[in-house]
Amino acid sequence: MGNRRTRSAQATPTSTPPFSRHALVGALLLGCSTAFLATASAVAAEATSQTNAQTLHFDIPAQSLDDALAAYGIASGVQVLYGASLTTGLQSSAVNALLTREQALSRLLGGTGLSYQFTGERSVTLQAPAARKTQAMEFAPIMVTGEKINRTLEQTQSSVVVNTADTLRAHGDRDLGDVFARTPGVYTQAGNETWGIRGVPVSGFDDQGPATLNGAVSVYVDGAQQPNRALTLSPLPMWDVEQVEVFLGPQSTTQGRNSLAGAVVVQTRAPSFEPSLALQSNVGNYGERGAAVAAGGGLVDNVIAGRIAVDYQEGDGYIDNIARNQDANPRHASNVRGKLLVLPNDDLDVLLTYAHSDTRQGDNSILRDNGRVRYYKISSDTAAFDKLQQDTLSAKLDYRLDDSWNLTNLTTYTRSDYDARLDFDQTADDNEEILRTQDTRMFSQELRLAYQGDTVRGFAGAYYGRTRNNLHDRLNFDDVLFGTVKGDTRLTNQALFGELNWTFVPQWTLVTGLRYDRERNETDITEDDFSGPAQTSKTFHAVLPKLGLNYELASNQFLGFMVQKGYRGGGVNVRAGSSHAAYDPEYTTNYELSYRGAWLDDSMRARANLFYTDWKDQQVSVRDRNTNFIQVYNAASSQIKGLELFLERDINSHLELTAGLAYTDGRYKKFEQGNNTLKNEPFLYAPRYKASVGALYRFDNGLRLGSDVVYQEGTPSQYQFDANGKSHMRKSDSYVLVNFNAEYELLDGLVVSGYVKNLFDKQYVTNNRDDDIIDVGAPRTLGVVLNYRL
């Protein structure tokens with residue numbers, strides 16, 4: 001396979017300026033974004049041809065055309081679009097020379113009868129002879145980048161669900177919560193307040209609320225890790241997103257802390273030298289309305305390109321506060337992102353990104369009155385809200401040392417300010433409210449050296465991260481301060497990591513990885529009127545190996561086995577009223593068997609993962625006997641076993657079918673709560689079964705119709721114990737949801753689309769606690785979207 005020596009539009013890391021220069025970078029990004037918006041229409045269209053005139057080294061043997069195009073995509077950084085059966089039975093010519101992208105592609109296609117057309121700096125469409133031009137266009141192959149070695153989806157052993165921009169559009173996904181809602185292996189609740197992977201909640205089982213810095217799932221946007229509050233409060237909008245990769249299962253060796261149960265990697269659209277403009281407006285029920293714009297192009301021919309994306313959404317929400325006679329959950333969200341791609345020379349790429357988000361929403365709970373669920377009603381005397389403002393700066397630099405070696409540097413800085421007013425008693429009887437503020441600062445620096453040869457690929461890297469969180473909670477009774485909690489947590493994390501993939505004989509690839517992780521947690525609770533001040537610090541170390549073997553059974557048929565260690569660092573309990581004691585790390589060992597296959601000229605594709613996870617020293621919350629205080633202990637051990645299966649079938653150029661199934665059985669092997677035991681009990685909120693079936697039909701006139709049917713089994717919501725210590729379980733409802741979407745191209749580039757979520761207006765409980773405040777699923781929501789792309 002050829003060595004990648006390309007100037008990627010998704011670019012690579014550059015060292016960021018220190019903290020004192022972040023404002024300068026932000027001003028530069030915004031200033032340049034304004035400049036390219038004013039001049040984009042004048043940018044020369046020849047930028048693409050200039051880029052494609054660069055010479056690269058290609059070494060691609062004669063083979064099936066599908067495999068050759070996959071190798072070409074990796075070597076050139078170009079995505080090739082073609083019909084599912086356009087290349088059936090075709091072989092490529094060998095290419096081993098220093099060529100431009102166009103010259104290399106011409107040689108690969110020699111004798112096939114196919115032609116091509118570059119539609120952008122990094123995209124090309126294959127074209128058949130006139131008699132065969134009936135194929136539907138699709139991205140091929142899909143590349144997975146979240147594990148820091150680019151692989152095709154078929155060659156990726158990890159259980160991963162990839163959503164491209166076209167997939168997101170086909171399903172009518174508006175935010176990351178919509179993606180989770182239809183993804184087997186991921187559970188979620190309305191409002192995205194609680195979600196998890198393979199039965200493990202995003203924040204883990206230690207239940208420390210929004211002030212925790214530890215989590216079980218990491219989410220990255222353009223390489224920047226997102227803070228805890230952003231994961232459960234502000235679902236990322238899918239406007240201008242290029243790809244979403246949801247990794248099911250541990251990613252600790254690659255991603256480090258907070259990836260015990262999985263990771264989500266989101267990549268937004270990168271700048272291109274080709275001028276572009278996209279406009280969108282939308283309206284829906286419950287007062288939903290919004291607008292968005294994205295534009296980009298070259299600023300300096302073949303040297304500097306930029307892109308800016310802006311999105312604003314607001315709505316009244318579907319919950320009424322009957323005590324205040326107003327909407328209980330109004331929401332507004334604004335997002336701004338600017339990017340600059342700088343190509344100083346043929347070997348260096350620099351990508352600078354600035355992102356700002358501002359989100360505010362109300363109360364998402366529901367009232368239960370005398371045992372009857374009052375759907376979409378709440379009675380509260382407090383105008384509750386959660387507000388999050390976040391700014392992220394990142395700089396990514398990619399330097400090609402030679403044909404085989406590549407140096408990558410990524411620096412990120414995030415400032416997140418959280419502000420909330422919560423109804424402490426969640427009723428209109430007493431005026432009890434919590435005022436909460438949290439200021440989070442996150443800085444990270446990662447340096448990687450990568451090698452790509454014919455039989456060996458790998459990387460080695462070093463990581464440094466620093467996070468600081470200041471918290472301040474106040475409890476008011478009738479506007480009189482009853483108690484307060486103030487504290488500060490400082491966390492530093494260093495790591496050395498690497499991975500090696502070695503194809504030691506044809507069809508057999510050995511995958512090895514190792515990470516040494518060290519972190520130090522320093523927590524200082526300066527005031528706690530419910531317990532007392534505390535100052536604690538603790539240091540943790542972990543060695544996280546992984547070892548796997550991948551075997552190519554036949555063309556497009558892969559079987560793999562992987563064993564890897566999962567890890568989540570310890571910490572200090574910051575919950576009000578606790579002893580603020582430190583707790584130790586928790587570990588998992590995950591055994592996973594994977595299969596990837598394609599049949600019928602690649603028109604039918606399957607992915608399956610069978611896994612078993614052994615969890616030791618599990619961090620859990622335990623309520624102290626005879627008190628209401630909750631402590632965190634390494635008091636449990638568990639096992640998780642399951643199966644994830646995904647099928648895709650292109651019936652013809654018009655009809656596509658998809659199906660997915662996840663079976664997850666997570667249970668405690670040991671967990672004592674006083675005189676009660678949870679041994680053999682399943683995890684709270686974790687469904688054993690989740691399945692989805694989807695269909696997409698394209699008419700010749702440009703109309704597209706799509707539908708998803710999602711089933712999720714009811715889950716445990718609360719354990720209750722009788723006098724003999726035997727547990728009884730309260731469960732949420734099982735449900736089936738039907739979603740529908742359609743789109744039609746009115747004019748060239750102008751598309752109108754519509755969506756319906758929960759088509760049959762299913763009412764169901766998602767958190768069936770034994771009290772009068774519970775959570776339920778969203779009712780039927782619908783909307784219309786008008787989109788224009790130049």
# chains A, B, ... in the order shown; residues from 1 in each chain; ligands from 1
call {"tool": "residues_around", "arguments": {"residues": "stretch 433-439 of chain A", "least_positions_apart": "6", "cutoff": "6 Å", "atoms": "only C-alpha atoms", "output": "MDAnalysis selection string"}}
result
chainID A and resid 416:424 469:476
call {"tool": "closest_residue", "arguments": {"among": "A:Val756, A:Leu544, A:Ala450, A:Ile74", "to": "A:Lys148", "atoms": "only C-alpha atoms"}}
result
A:Ala450
call {"tool": "residues_around", "arguments": {"residues": "A:Gln763", "least_positions_apart": "3", "cutoff": "12 Å", "atoms": "only C-alpha atoms", "output": "list in words"}}
result
Ala190, Val373, Arg374, Tyr375, Tyr376, Ser732, Asp733, Ser734, Tyr735, Val736, Leu737, Asn758, Leu759, Phe760, Thr766, Asp775, Val776, Gly777, Ala778, Pro779 and Arg780 of chain A
call {"tool": "residues_around", "arguments": {"residues": "A:Gly371", "least_positions_apart": "5", "cutoff": "10 Å", "atoms": "only C-alpha atoms", "output": "CSV table (one decimal) with N, CA, C and O atoms, in the first residue's frame"}}
result
chain,number,residue,atom,x,y,z
A,770,ASP,N,-39.2,5.8,42.5
A,770,ASP,CA,-40.3,5.7,43.4
A,770,ASP,C,-40.5,7.0,44.1
A,770,ASP,O,-40.4,7.2,45.3
A,771,ASP,N,-40.9,8.0,43.3
A,771,ASP,CA,-41.3,9.3,43.8
A,771,ASP,C,-42.2,10.0,42.8
A,771,ASP,O,-42.6,9.4,41.8
A,772,ASP,N,-42.5,11.2,43.0
A,772,ASP,CA,-43.4,12.0,42.2
A,772,ASP,C,-42.8,12.7,41.0
A,772,ASP,O,-43.5,13.4,40.3
call {"tool": "atom_distance", "arguments": {"atom1": "atom CA of A:Leu496", "atom2": "atom CA of A:Tyr516"}}
result
5.3 Å
call {"tool": "residues_around", "arguments": {"residues": "A:Phe540", "least_positions_apart": "6", "cutoff": "12 Å", "atoms": "only C-alpha atoms", "output": "list of chain:residue names"}}
result
A:Arg257, A:Leu491, A:Thr492, A:Asn493, A:Gln494, A:Ala495, A:Tyr516, A:Asp517, A:Arg518, A:Glu519, A:Arg520, A:Asn521, A:Glu522, A:Tyr567, A:Arg568, A:Gly569, A:Gly570, A:Gly571, A:Ala582, A:Tyr583, A:Asp584, A:Pro585, A:Glu586
call {"tool": "select_by_dssp", "arguments": {"residues": "stretch 213-361 of chain A", "states": "alpha helix (DSSP H)", "output": "PyMOL selection string"}}
result
chain A and resi 228-233+252-255
call {"tool": "residues_around", "arguments": {"residues": "A:Gln631", "least_positions_apart": "3", "cutoff": "9 Å", "atoms": "only C-alpha atoms", "output": "PyMOL selection string"}}
result
chain A and resi 206+573+575+578-581+620-624
call {"tool": "write_last_selection", "arguments": {"atoms": "C-alpha atoms", "output": "compact mmCIF listing (two decimals), in the first residue's frame"}}
result
# COMPACT_ATOMS: atom_id res chain seq x y z
CA ASP A 206 -20.08 6.87 41.04
CA ASN A 573 -15.81 12.71 46.16
CA ARG A 575 -20.67 15.69 46.47
CA SER A 578 -19.90 13.56 51.84
CA SER A 579 -16.60 13.03 53.62
CA HIS A 580 -14.78 14.13 50.41
CA ALA A 581 -12.63 11.03 50.64
CA VAL A 620 -19.91 2.92 43.02
CA SER A 621 -21.98 5.27 45.15
CA VAL A 622 -23.12 3.95 48.51
CA ARG A 623 -25.51 5.71 50.86
CA ASP A 624 -24.17 5.74 54.41
call {"tool": "residues_around", "arguments": {"residues": "A:Leu559", "least_positions_apart": "5", "cutoff": "6 Å", "atoms": "only C-alpha atoms", "output": "JSON, numbers by chain"}}
result
{"A": [550, 551, 594, 595]}
call {"tool": "write_last_selection", "arguments": {"atoms": "C-alpha atoms", "output": "CSV table (one decimal), in the first residue's frame"}}
result
chain,number,residue,atom,x,y,z
A,550,ASN,CA,-6.8,-9.8,12.4
A,551,TYR,CA,-7.2,-12.4,9.7
A,594,SER,CA,-15.1,-9.4,15.6
A,595,TYR,CA,-16.2,-10.2,12.1
call {"tool": "closest_residue", "arguments": {"among": "A:Ser272, A:Val179, A:Ser638, A:Gln712", "to": "A:Asn680", "atoms": "only C-alpha atoms"}}
result
A:Ser638
call {"tool": "atom_distance", "arguments": {"atom1": "atom CA of A:Tyr82", "atom2": "atom CA of A:Thr125"}}
result
6.0 Å
call {"tool": "closest_residue", "arguments": {"among": "A:Tyr451, A:Asp761, A:Ile142, A:Gly702", "to": "A:Ala742", "atoms": "only C-alpha atoms"}}
result
A:Gly702
call {"tool": "atom_distance", "arguments": {"atom1": "atom CA of A:Glu672", "atom2": "atom CA of A:Phe721"}}
result
12.3 Å
call {"tool": "closest_residue", "arguments": {"among": "A:Val186, A:Ala224, A:Leu348, A:Val266", "to": "A:Pro687", "atoms": "only C-alpha atoms"}}
result
A:Val186
call {"tool": "closest_residue", "arguments": {"among": "A:Gly465, A:Gly566, A:Gly296, A:Gly754", "to": "A:Leu786", "atoms": "only C-alpha atoms"}}
result
A:Gly754
call {"tool": "closest_residue", "arguments": {"among": "A:Asp301, A:Thr503, A:Ala691, A:Val161", "to": "A:Asp708", "atoms": "only C-alpha atoms"}}
result
A:Ala691
call {"tool": "select_by_dssp", "arguments": {"residues": "stretch 625-718 of chain A", "states": "strand (DSSP E)", "output": "ChimeraX atom specification"}}
result
/A:630-650,655-673,676-677,689-698,704-712,716-718
